[in-house]
>>> print(open('work-v3.csv').read())   # CSV, C-alpha atoms and all ligand atoms
chain,number,residue,atom,x,y,z
A,1271,MET,CA,1.8,-13.3,17.4
A,1272,GLY,CA,-1.1,-15.6,18.1
A,1273,GLY,CA,-4.4,-14.3,17.4
A,1274,ARG,CA,-7.6,-13.2,15.7
A,1275,PHE,CA,-7.3,-15.5,12.8
A,1276,GLU,CA,-6.5,-18.8,14.5
A,1277,GLY,CA,-8.6,-21.5,12.7
A,1278,LYS,CA,-9.6,-19.0,9.9
A,1279,ARG,CA,-9.1,-19.7,6.2
A,1280,GLY,CA,-8.5,-17.1,3.6
A,1281,LEU,CA,-8.0,-16.7,-0.1
A,1282,VAL,CA,-5.6,-13.9,-1.3
A,1283,LEU,CA,-5.8,-12.5,-4.8
A,1284,GLY,CA,-3.1,-10.1,-6.0
A,1285,VAL,CA,0.3,-11.0,-4.7
A,1286,ALA,CA,2.9,-10.3,-7.4
A,1287,ASN,CA,6.0,-9.9,-5.2
A,1288,GLN,CA,7.1,-9.0,-1.7
A,1289,ARG,CA,6.1,-5.3,-2.2
A,1290,SER,CA,2.5,-6.2,-3.1
A,1291,ILE,CA,-0.1,-4.8,-0.8
A,1292,ALA,CA,-1.8,-8.2,-0.9
A,1293,TRP,CA,1.4,-9.7,0.6
A,1294,ALA,CA,1.6,-7.1,3.4
A,1295,ILE,CA,-2.0,-8.1,4.3
A,1296,ALA,CA,-1.3,-11.8,3.9
A,1297,ARG,CA,1.7,-11.7,6.1
A,1298,ARG,CA,-0.2,-10.0,8.9
A,1299,LEU,CA,-3.1,-12.5,8.7
A,1300,ALA,CA,-0.7,-15.4,8.7
A,1301,GLU,CA,1.1,-14.0,11.8
A,1302,GLU,CA,-2.2,-13.9,13.5
A,1303,GLY,CA,-2.9,-17.5,12.7
A,1304,ALA,CA,-4.7,-17.6,9.3
A,1305,GLN,CA,-4.2,-20.4,6.8
A,1306,LEU,CA,-4.0,-18.8,3.4
A,1307,ALA,CA,-4.4,-19.8,-0.3
A,1308,PHE,CA,-2.9,-17.6,-3.0
A,1309,THR,CA,-3.4,-17.0,-6.7
A,1310,TYR,CA,-0.9,-15.5,-9.1
A,1311,GLN,CA,-1.6,-14.0,-12.5
A,1312,GLY,CA,0.9,-15.7,-14.8
A,1313,GLU,CA,4.0,-17.8,-15.1
A,1314,ARG,CA,6.2,-14.7,-15.0
A,1315,ILE,CA,5.4,-14.1,-11.3
A,1316,GLU,CA,4.6,-17.7,-10.2
A,1317,ARG,CA,8.1,-18.3,-8.7
A,1318,TYR,CA,7.8,-15.2,-6.4
A,1319,VAL,CA,4.3,-16.0,-5.2
A,1320,ARG,CA,5.2,-19.7,-4.5
A,1321,ASP,CA,8.2,-18.6,-2.5
A,1322,LEU,CA,6.2,-16.1,-0.4
A,1323,ALA,CA,3.3,-18.5,0.0
A,1324,GLY,CA,5.7,-21.2,1.1
A,1325,SER,CA,7.0,-19.0,3.9
A,1326,VAL,CA,3.5,-19.0,5.4
A,1327,SER,CA,2.9,-22.7,4.8
A,1328,SER,CA,0.2,-22.1,2.3
A,1329,PRO,CA,-1.8,-25.2,1.2
A,1330,LEU,CA,-2.7,-23.8,-2.2
A,1331,VAL,CA,-1.0,-21.6,-4.8
A,1332,THR,CA,-2.8,-21.5,-8.1
A,1333,GLN,CA,-2.9,-19.5,-11.3
A,1334,CYS,CA,-5.8,-17.1,-11.9
A,1335,ASP,CA,-6.6,-14.5,-14.5
A,1336,VAL,CA,-9.6,-12.7,-13.0
A,1337,ARG,CA,-11.0,-12.0,-16.5
A,1338,SER,CA,-11.7,-15.7,-17.0
A,1339,ASP,CA,-14.9,-17.2,-15.5
A,1340,ASP,CA,-13.3,-20.6,-15.9
A,1341,ASP,CA,-10.4,-19.5,-13.7
A,1342,VAL,CA,-12.7,-18.1,-11.1
A,1343,ALA,CA,-14.7,-21.3,-10.9
A,1344,ARG,CA,-11.5,-23.5,-10.8
A,1345,VAL,CA,-9.8,-21.4,-8.1
A,1346,THR,CA,-13.0,-21.6,-6.0
A,1347,ALA,CA,-13.2,-25.4,-6.4
A,1348,GLU,CA,-9.5,-25.8,-5.5
A,1349,THR,CA,-10.0,-23.5,-2.5
A,1350,ALA,CA,-13.0,-25.5,-1.4
A,1351,GLU,CA,-10.9,-28.7,-1.6
A,1352,ALA,CA,-8.0,-27.2,0.3
A,1353,PHE,CA,-10.3,-25.8,3.1
A,1354,ASP,CA,-13.0,-28.5,3.5
A,1355,GLY,CA,-15.6,-26.5,1.6
A,1356,SER,CA,-15.3,-23.4,3.7
A,1357,LEU,CA,-13.7,-19.9,3.7
A,1358,ASP,CA,-13.7,-17.0,6.2
A,1359,VAL,CA,-11.7,-14.3,4.4
A,1360,LEU,CA,-11.3,-13.0,0.8
A,1361,VAL,CA,-8.6,-10.4,0.1
A,1362,HIS,CA,-9.0,-8.8,-3.3
A,1363,SER,CA,-6.0,-6.7,-4.2
A,1364,VAL,CA,-6.1,-6.7,-8.0
A,1365,ALA,CA,-6.1,-3.9,-10.5
A,1366,PHE,CA,-5.0,-3.2,-14.1
A,1367,ALA,CA,-5.0,-0.4,-16.6
A,1368,ALA,CA,-2.9,-0.1,-19.7
A,1369,ARG,CA,0.2,2.0,-19.0
A,1370,GLU,CA,-0.5,4.3,-21.9
A,1371,ASP,CA,-3.8,5.2,-20.2
A,1372,LEU,CA,-2.1,6.3,-17.0
A,1373,GLU,CA,0.0,8.9,-18.9
A,1374,GLY,CA,-2.1,10.9,-21.3
A,1375,ARG,CA,-5.6,12.3,-21.1
A,1376,PHE,CA,-8.5,10.4,-19.7
A,1377,VAL,CA,-10.7,11.5,-22.6
A,1378,ASP,CA,-8.5,9.6,-25.0
A,1379,THR,CA,-9.1,6.2,-23.4
A,1380,PRO,CA,-10.3,3.7,-26.0
A,1381,ARG,CA,-13.4,1.5,-25.4
A,1382,ASP,CA,-11.6,-1.8,-25.1
A,1383,ARG,CA,-9.0,-0.6,-22.6
A,1384,PHE,CA,-11.7,1.2,-20.6
A,1385,TRP,CA,-13.6,-2.1,-20.2
A,1386,THR,CA,-10.5,-4.1,-19.4
A,1387,ALA,CA,-9.7,-1.7,-16.5
A,1388,VAL,CA,-13.2,-2.0,-15.1
A,1389,ASP,CA,-13.3,-5.8,-15.7
A,1390,VAL,CA,-10.0,-6.6,-14.0
A,1391,SER,CA,-10.2,-3.9,-11.2
A,1392,ALA,CA,-13.9,-4.0,-10.3
A,1393,TYR,CA,-16.0,-6.8,-11.8
A,1394,SER,CA,-13.5,-9.3,-10.4
A,1395,LEU,CA,-14.6,-8.4,-6.9
A,1396,VAL,CA,-18.2,-9.2,-7.9
A,1397,SER,CA,-17.4,-12.5,-9.6
A,1398,PHE,CA,-15.2,-13.7,-6.7
A,1399,ALA,CA,-17.8,-12.6,-4.1
A,1400,ARG,CA,-20.4,-14.6,-5.9
A,1401,ALA,CA,-18.1,-17.6,-6.2
A,1402,VAL,CA,-17.1,-17.8,-2.6
A,1403,GLU,CA,-20.5,-17.0,-1.1
A,1404,PRO,CA,-21.4,-20.7,-0.5
A,1405,LEU,CA,-18.0,-21.3,1.1
A,1406,MET,CA,-18.5,-18.4,3.5
A,1407,ASP,CA,-22.1,-19.5,4.1
A,1408,ALA,CA,-20.7,-22.9,5.2
A,1409,ARG,CA,-19.0,-21.0,8.0
A,1410,GLY,CA,-22.0,-18.9,9.0
A,1411,GLY,CA,-20.4,-15.8,7.4
A,1412,GLY,CA,-17.2,-14.2,6.3
A,1413,SER,CA,-15.4,-11.1,5.4
A,1414,ILE,CA,-14.2,-9.6,2.1
A,1415,LEU,CA,-11.7,-6.8,1.6
A,1416,THR,CA,-10.7,-4.8,-1.5
A,1417,MET,CA,-8.1,-2.0,-2.1
A,1418,THR,CA,-9.2,1.3,-3.5
A,1419,TYR,CA,-7.8,4.9,-4.0
A,1420,LEU,CA,-9.0,8.5,-3.7
A,1421,GLY,CA,-8.7,8.8,-7.5
A,1422,GLY,CA,-12.1,7.0,-7.7
A,1423,GLU,CA,-13.8,9.9,-5.8
A,1424,ARG,CA,-11.9,12.9,-7.3
A,1425,ALA,CA,-9.9,13.5,-10.4
A,1426,VAL,CA,-6.2,12.8,-9.6
A,1427,PRO,CA,-3.9,13.7,-12.6
A,1428,HIS,CA,-2.7,10.6,-14.5
A,1429,TYR,CA,-4.9,8.1,-12.5
A,1430,ASN,CA,-7.5,8.4,-15.4
A,1431,VAL,CA,-9.4,5.2,-16.2
A,1432,MET,CA,-8.1,3.6,-13.1
A,1433,GLY,CA,-10.1,6.2,-11.2
A,1434,VAL,CA,-13.2,5.3,-13.1
A,1435,ALA,CA,-12.5,1.6,-12.2
A,1436,LYS,CA,-12.1,2.5,-8.5
A,1437,ALA,CA,-15.4,4.5,-8.5
A,1438,THR,CA,-17.0,1.3,-9.9
A,1439,LEU,CA,-15.3,-0.8,-7.3
A,1440,ASP,CA,-16.4,1.5,-4.4
A,1441,SER,CA,-20.0,1.2,-5.6
A,1442,CYS,CA,-19.6,-2.6,-5.9
A,1443,VAL,CA,-18.5,-2.7,-2.2
A,1444,GLN,CA,-21.7,-1.1,-1.2
A,1445,TYR,CA,-24.0,-3.3,-3.3
A,1446,LEU,CA,-22.2,-6.4,-2.3
A,1447,ALA,CA,-22.4,-5.5,1.4
A,1448,TRP,CA,-26.1,-5.1,1.0
A,1449,ASP,CA,-26.6,-8.5,-0.8
A,1450,LEU,CA,-24.2,-10.5,1.3
A,1451,GLY,CA,-25.1,-8.9,4.7
A,1452,LYS,CA,-28.0,-11.4,4.8
A,1453,LYS,CA,-25.5,-14.2,4.9
A,1454,ASN,CA,-23.4,-12.4,7.5
A,1455,VAL,CA,-20.7,-11.7,4.9
A,1456,ARG,CA,-19.1,-8.2,5.3
A,1457,VAL,CA,-17.6,-6.3,2.4
A,1458,ASN,CA,-15.2,-3.4,3.0
A,1459,ALA,CA,-12.5,-1.4,1.3
A,1460,ILE,CA,-9.2,0.3,2.3
A,1461,SER,CA,-8.3,3.5,0.5
A,1462,ALA,CA,-4.5,3.6,0.6
A,1463,GLY,CA,-2.1,6.4,0.2
A,1464,PRO,CA,0.7,5.9,-2.4
A,1465,VAL,CA,2.9,2.8,-1.8
A,1466,ARG,CA,5.8,1.9,-4.2
A,1467,THR,CA,4.6,-1.4,-5.8
A,1468,LEU,CA,4.7,-2.9,-9.2
A,1469,ALA,CA,1.3,-1.4,-10.1
A,1470,ALA,CA,2.2,2.0,-8.8
A,1471,ARG,CA,5.3,2.1,-11.1
A,1472,SER,CA,3.0,2.3,-14.1
A,1473,ILE,CA,1.3,5.5,-13.0
A,1474,ALA,CA,3.1,8.5,-14.6
A,1475,GLY,CA,3.9,11.1,-12.0
A,1476,PHE,CA,3.7,8.7,-9.0
A,1477,PRO,CA,6.7,10.4,-7.4
A,1478,THR,CA,4.8,13.7,-7.6
A,1479,MET,CA,1.8,12.0,-5.8
A,1480,GLU,CA,4.3,10.9,-3.0
A,1481,GLU,CA,5.7,14.5,-2.7
A,1482,ILE,CA,2.3,16.0,-2.4
A,1483,VAL,CA,1.3,13.6,0.4
A,1484,GLU,CA,4.5,14.5,2.3
A,1485,GLN,CA,3.7,18.2,1.9
A,1486,ARG,CA,0.0,18.3,2.5
A,1487,ALA,CA,-1.2,15.2,4.4
A,1488,PRO,CA,-1.9,16.1,8.1
A,1489,LEU,CA,0.7,13.5,9.2
A,1490,HIS,CA,3.3,14.6,6.5
A,1491,ARG,CA,4.5,11.1,6.0
A,1492,HIS,CA,4.1,8.0,3.9
A,1493,ILE,CA,2.1,4.9,4.8
A,1494,THR,CA,3.7,1.4,4.7
A,1495,GLY,CA,2.6,-2.1,3.9
A,1496,ASP,CA,2.5,-2.7,7.6
A,1497,ASP,CA,-0.1,0.0,8.1
A,1498,LEU,CA,-2.3,-1.7,5.5
A,1499,GLY,CA,-1.8,-5.1,7.1
A,1500,ALA,CA,-2.9,-3.8,10.4
A,1501,ALA,CA,-6.0,-2.0,9.0
A,1502,ALA,CA,-6.9,-5.1,6.9
A,1503,ALA,CA,-6.6,-7.4,9.9
A,1504,TYR,CA,-9.0,-5.2,11.8
A,1505,LEU,CA,-11.6,-5.1,9.0
A,1506,LEU,CA,-11.3,-8.8,8.3
A,1507,SER,CA,-11.5,-9.8,12.0
A,1508,GLU,CA,-14.5,-10.4,14.3
A,1509,GLU,CA,-13.6,-7.0,16.0
A,1510,ALA,CA,-15.2,-5.4,12.9
A,1511,GLN,CA,-18.3,-7.7,13.1
A,1512,ASN,CA,-20.7,-4.7,12.6
A,1513,VAL,CA,-18.6,-2.9,10.0
A,1514,THR,CA,-19.6,-3.4,6.4
A,1515,GLY,CA,-20.0,-1.3,3.2
A,1516,THR,CA,-17.3,1.0,4.5
A,1517,THR,CA,-14.0,2.5,3.2
A,1518,LEU,CA,-11.2,3.0,5.7
A,1519,TYR,CA,-8.7,5.6,4.7
A,1520,VAL,CA,-5.1,4.7,5.4
A,1521,ASP,CA,-3.4,7.7,3.8
A,1522,SER,CA,-1.9,9.8,6.6
A,1523,GLY,CA,-5.2,11.8,6.5
A,1524,TYR,CA,-4.6,13.1,3.0
A,1525,HIS,CA,-8.3,12.6,1.9
A,1526,SER,CA,-9.5,15.0,4.6
A,1527,VAL,CA,-7.7,18.1,3.4
A,1528,GLY,CA,-9.0,20.6,0.8
A,1529,MET,CA,-5.7,22.1,-0.3
A,1601,LIG,N1,0.3,1.0,-4.5
A,1601,LIG,C1,-0.5,2.0,-4.3
A,1601,LIG,O1,0.0,3.2,-4.1
A,1601,LIG,C2,-2.0,1.8,-4.1
A,1601,LIG,C3,-2.8,2.8,-3.5
A,1601,LIG,C4,-4.2,2.6,-3.4
A,1601,LIG,C5,-4.7,1.4,-3.9
A,1601,LIG,N2,-3.9,0.4,-4.5
A,1601,LIG,C6,-4.5,-0.8,-5.0
A,1601,LIG,O2,-4.0,-1.9,-4.3
A,1601,LIG,C7,-4.2,-3.1,-5.1
A,1601,LIG,C8,-2.9,-3.9,-5.2
A,1601,LIG,O3,-1.9,-3.2,-6.0
A,1601,LIG,P1,-0.4,-3.1,-5.5
A,1601,LIG,O4,-0.1,-1.6,-5.4
A,1601,LIG,O5,-0.1,-4.0,-4.4
A,1601,LIG,O6,0.4,-3.6,-6.9
A,1601,LIG,P2,0.8,-5.0,-7.3
A,1601,LIG,O7,1.3,-4.9,-8.7
A,1601,LIG,O8,1.7,-5.7,-6.4
A,1601,LIG,O9,-0.6,-5.8,-7.3
A,1601,LIG,C9,-1.5,-5.8,-8.4
A,1601,LIG,C10,-1.9,-7.2,-8.6
A,1601,LIG,O10,-3.0,-7.3,-9.6
A,1601,LIG,C11,-2.7,-8.5,-10.3
A,1601,LIG,N3,-3.5,-8.5,-11.6
A,1601,LIG,C12,-3.5,-7.6,-12.6
A,1601,LIG,N4,-4.3,-8.0,-13.6
A,1601,LIG,C13,-4.8,-9.3,-13.2
A,1601,LIG,C14,-5.6,-10.2,-13.8
A,1601,LIG,N5,-6.1,-10.0,-15.1
A,1601,LIG,N6,-5.9,-11.4,-13.2
A,1601,LIG,C15,-5.4,-11.6,-11.9
A,1601,LIG,N7,-4.6,-10.7,-11.3
A,1601,LIG,C16,-4.3,-9.6,-11.9
A,1601,LIG,C17,-1.2,-8.5,-10.5
A,1601,LIG,O11,-0.8,-9.8,-10.9
A,1601,LIG,C18,-0.8,-8.1,-9.2
A,1601,LIG,O12,-0.6,-9.2,-8.3
A,1601,LIG,C19,-4.7,-2.6,-6.4
A,1601,LIG,O13,-6.1,-2.7,-6.4
A,1601,LIG,C20,-4.3,-1.1,-6.4
A,1601,LIG,O14,-5.1,-0.3,-7.2
A,1601,LIG,C21,-2.5,0.6,-4.6
>>> encode(input="work-v3.csv", output="structure tokens")
Amino acid sequence: MGGRFEGKRGLVLGVANQRSIAWAIARRLAEEGAQLAFTYQGERIERYVRDLAGSVSSPLVTQCDVRSDDDVARVTAETAEAFDGSLDVLVHSVAFAAREDLEGRFVDTPRDRFWTAVDVSAYSLVSFARAVEPLMDARGGGSILTMTYLGGERAVPHYNVMGVAKATLDSCVQYLAWDLGKKNVRVNAISAGPVRTLAARSIAGFPTMEEIVEQRAPLHRHITGDDLGAAAAYLLSEEAQNVTGTTLYVDSGYHSVGM
């Protein structure tokens, strides 16, 4: 498939393996012509990310812990070097909460793990948006996408502190869209229904979430990574040139029902 991303350069945060939502998005962008740089979180997953990145001829695969300002600065400098000082697209598909906080009661979340969840899952969007702003400015604009979930808008059992982090992330999308709109940089989110990934496995009761979607979503079926790739490609492309500060729900319509 040729396409909407010919000549475009993107940075993708959050691939852990071939099931990662970040990979589903990257695959689609690459199919449509994008050149992509990737980060991975640690040595444990480096091999998987290098293999996947190699399959789309990526010019840069580099380590990044989004909690580290030094890592954010280094990754941005490496990206600038790989892409001649410019960037069109940033995919932010990163989140973390301690497994024990996705099982018990939200009220029991300790202070340190509360802030870790918000730091990794929400502040990282702010720090990367700020870091890549000059690279997008060099192209006359750009597009940023993050992944969110309904658990940031309503209490979803077991989602707990991750829901609070997603609420923060959703608000960050709107404030970043306001600030960066002046530079023609758009910032949007996709709110996804449940997809079986590494991160999803740490949420207690994830199979129950899936069953409820099947029973109650208007379309009575699950979404796939391909659905997310297609939605992301739209939001990140010029076709969405006047769409910013928005959340697109890719969840078989589940968010729209009251029971
Ligand atoms: N899977 C779902 O059902 C679902 C639904 C809605 C939203 N989401 C969101 O989609 C995004 C991607 O998750 P996924 O489901 O593809 O799972 P995943 O485990 O494949 O991806 C999560 C990524 O976050 C990275 N990460 C965690 N801590 C990090 C840190 N400190 N520094 C750098 N990277 C770090 C991991 O390495 C991993 O690559 C997350 O924001 C998640 O909340 C997932």
>>> closest_atom_pairs(input="work-v3.csv", of="stretch 1286-1325 of chain A", to="stretch 1403-1420 of chain A", cutoff="12 Å", atoms="only C-alpha atoms", output="Markdown table")
| residue | atom | partner | partner_atom | distance |
| --- | --- | --- | --- | --- |
| A:Ser1290 | CA | A:Met1417 | CA | 11.4 |
| A:Ile1291 | CA | A:Met1417 | CA | 8.6 |
| A:Ala1292 | CA | A:Met1417 | CA | 8.9 |
| A:Ile1295 | CA | A:Leu1415 | CA | 10.2 |
| A:Ala1296 | CA | A:Leu1415 | CA | 11.8 |
>>> closest_residue(input="work-v3.csv", among="A:Gly1495, A:Lys1278, A:Asp1389, A:Gly1463", to="A:Asp1354", atoms="all atoms listed in the file")
A:Lys1278
>>> residues_near_ligand(input="work-v3.csv", ligand="ligand LIG 1601 (chain A)", cutoff="8 Å", atoms="all atoms listed in the file", output="CSV table (one decimal) with C-alpha atoms, keeping the file's coordinate frame")
chain,number,residue,atom,x,y,z
A,1283,LEU,CA,-5.8,-12.5,-4.8
A,1284,GLY,CA,-3.1,-10.1,-6.0
A,1285,VAL,CA,0.3,-11.0,-4.7
A,1286,ALA,CA,2.9,-10.3,-7.4
A,1287,ASN,CA,6.0,-9.9,-5.2
A,1288,GLN,CA,7.1,-9.0,-1.7
A,1289,ARG,CA,6.1,-5.3,-2.2
A,1290,SER,CA,2.5,-6.2,-3.1
A,1291,ILE,CA,-0.1,-4.8,-0.8
A,1292,ALA,CA,-1.8,-8.2,-0.9
A,1293,TRP,CA,1.4,-9.7,0.6
A,1309,THR,CA,-3.4,-17.0,-6.7
A,1310,TYR,CA,-0.9,-15.5,-9.1
A,1311,GLN,CA,-1.6,-14.0,-12.5
A,1312,GLY,CA,0.9,-15.7,-14.8
A,1315,ILE,CA,5.4,-14.1,-11.3
A,1334,CYS,CA,-5.8,-17.1,-11.9
A,1335,ASP,CA,-6.6,-14.5,-14.5
A,1336,VAL,CA,-9.6,-12.7,-13.0
A,1337,ARG,CA,-11.0,-12.0,-16.5
A,1362,HIS,CA,-9.0,-8.8,-3.3
A,1363,SER,CA,-6.0,-6.7,-4.2
A,1364,VAL,CA,-6.1,-6.7,-8.0
A,1365,ALA,CA,-6.1,-3.9,-10.5
A,1366,PHE,CA,-5.0,-3.2,-14.1
A,1390,VAL,CA,-10.0,-6.6,-14.0
A,1391,SER,CA,-10.2,-3.9,-11.2
A,1416,THR,CA,-10.7,-4.8,-1.5
A,1417,MET,CA,-8.1,-2.0,-2.1
A,1418,THR,CA,-9.2,1.3,-3.5
A,1419,TYR,CA,-7.8,4.9,-4.0
A,1420,LEU,CA,-9.0,8.5,-3.7
A,1432,MET,CA,-8.1,3.6,-13.1
A,1436,LYS,CA,-12.1,2.5,-8.5
A,1460,ILE,CA,-9.2,0.3,2.3
A,1461,SER,CA,-8.3,3.5,0.5
A,1462,ALA,CA,-4.5,3.6,0.6
A,1463,GLY,CA,-2.1,6.4,0.2
A,1464,PRO,CA,0.7,5.9,-2.4
A,1465,VAL,CA,2.9,2.8,-1.8
A,1466,ARG,CA,5.8,1.9,-4.2
A,1467,THR,CA,4.6,-1.4,-5.8
A,1468,LEU,CA,4.7,-2.9,-9.2
A,1469,ALA,CA,1.3,-1.4,-10.1
A,1470,ALA,CA,2.2,2.0,-8.8
>>> closest_residue(input="work-v3.csv", among="A:Glu1370, A:Tyr1318, A:Arg1279, A:Leu1299", to="A:Ala1350", atoms="only C-alpha atoms")
A:Arg1279
>>> closest_residue(input="work-v3.csv", among="A:Thr1349, A:Asn1458, A:Thr1517, A:Ser1327", to="A:Glu1423", atoms="all atoms listed in the file")
A:Thr1517
>>> atom_distance(input="work-v3.csv", atom1="atom CA of A:Asp1440", atom2="atom CA of A:Ala1459")
7.5 Å
>>> closest_residue(input="work-v3.csv", among="A:Gln1485, A:Tyr1393, A:Arg1317, A:Gly1499", to="A:Ala1300", atoms="all atoms listed in the file")
A:Gly1499
>>> atom_distance(input="work-v3.csv", atom1="atom CA of A:Asp1358", atom2="atom CA of A:Val1520")
23.4 Å
>>> closest_residue(input="work-v3.csv", among="A:Gln1305, A:Ser1338, A:Arg1471, A:Gly1273", to="A:Gly1324", atoms="only C-alpha atoms")
A:Gln1305
>>> atom_distance(input="work-v3.csv", atom1="atom CA of A:His1525", atom2="atom CA of A:His1492")
13.4 Å
>>> closest_residue(input="work-v3.csv", among="A:Ala1387, A:Val1331, A:Met1479, A:Ala1401", to="A:His1428", atoms="only C-alpha atoms")
A:Met1479
>>> residues_near_point(input="work-v3.csv", point="(3.4, 7.5, 8.0)", cutoff="12 Å", atoms="only C-alpha atoms", output="PyMOL selection string")
chain A and resi 1462-1465+1480+1483-1484+1487-1498+1520-1524
>>> build_atoms(input="work-v3.csv", residues="stretch 1408-1415 of chain A", atoms="all heavy atoms", output="tab-separated table (two decimals), in the frame of the given file")
chain	number	residue	atom	x	y	z
A	1408	ALA	N	-21.01	-21.66	4.45
A	1408	ALA	CA	-20.70	-22.90	5.20
A	1408	ALA	C	-20.13	-22.60	6.57
A	1408	ALA	O	-20.16	-23.44	7.47
A	1408	ALA	CB	-19.80	-23.79	4.39
A	1409	ARG	N	-19.56	-21.41	6.74
A	1409	ARG	CA	-19.00	-21.00	8.00
A	1409	ARG	C	-19.88	-20.08	8.82
A	1409	ARG	O	-19.49	-19.55	9.86
A	1409	ARG	CB	-17.64	-20.25	7.77
A	1409	ARG	CG	-16.59	-21.08	7.11
A	1409	ARG	CD	-15.98	-22.07	8.05
A	1409	ARG	NE	-14.79	-21.51	8.70
A	1409	ARG	CZ	-14.03	-22.18	9.55
A	1409	ARG	NH1	-14.34	-23.41	9.87
A	1409	ARG	NH2	-12.97	-21.62	10.08
A	1410	GLY	N	-21.06	-19.83	8.26
A	1410	GLY	CA	-22.00	-18.90	9.00
A	1410	GLY	C	-21.66	-17.46	8.73
A	1410	GLY	O	-22.16	-16.57	9.43
A	1411	GLY	N	-20.79	-17.17	7.76
A	1411	GLY	CA	-20.40	-15.80	7.40
A	1411	GLY	C	-19.00	-15.66	7.01
A	1411	GLY	O	-18.28	-16.66	6.96
A	1412	GLY	N	-18.60	-14.43	6.70
A	1412	GLY	CA	-17.20	-14.20	6.30
A	1412	GLY	C	-16.95	-12.75	6.07
A	1412	GLY	O	-17.79	-11.90	6.39
A	1413	SER	N	-15.77	-12.46	5.54
A	1413	SER	CA	-15.40	-11.10	5.40
A	1413	SER	C	-14.54	-10.89	4.12
A	1413	SER	O	-13.64	-11.70	3.84
A	1413	SER	CB	-14.56	-10.65	6.62
A	1413	SER	OG	-14.31	-9.27	6.56
A	1414	ILE	N	-14.88	-9.86	3.36
A	1414	ILE	CA	-14.20	-9.60	2.10
A	1414	ILE	C	-13.62	-8.19	2.13
A	1414	ILE	O	-14.26	-7.26	2.63
A	1414	ILE	CB	-15.26	-9.68	0.93
A	1414	ILE	CG1	-15.83	-11.11	0.84
A	1414	ILE	CG2	-14.65	-9.25	-0.41
A	1414	ILE	CD1	-16.95	-11.30	-0.18
A	1415	LEU	N	-12.40	-8.05	1.60
A	1415	LEU	CA	-11.70	-6.80	1.60
A	1415	LEU	C	-11.14	-6.46	0.25
A	1415	LEU	O	-10.53	-7.34	-0.37
A	1415	LEU	CB	-10.60	-6.77	2.65
A	1415	LEU	CG	-9.79	-5.48	2.75
A	1415	LEU	CD1	-10.61	-4.36	3.38
A	1415	LEU	CD2	-8.52	-5.70	3.56
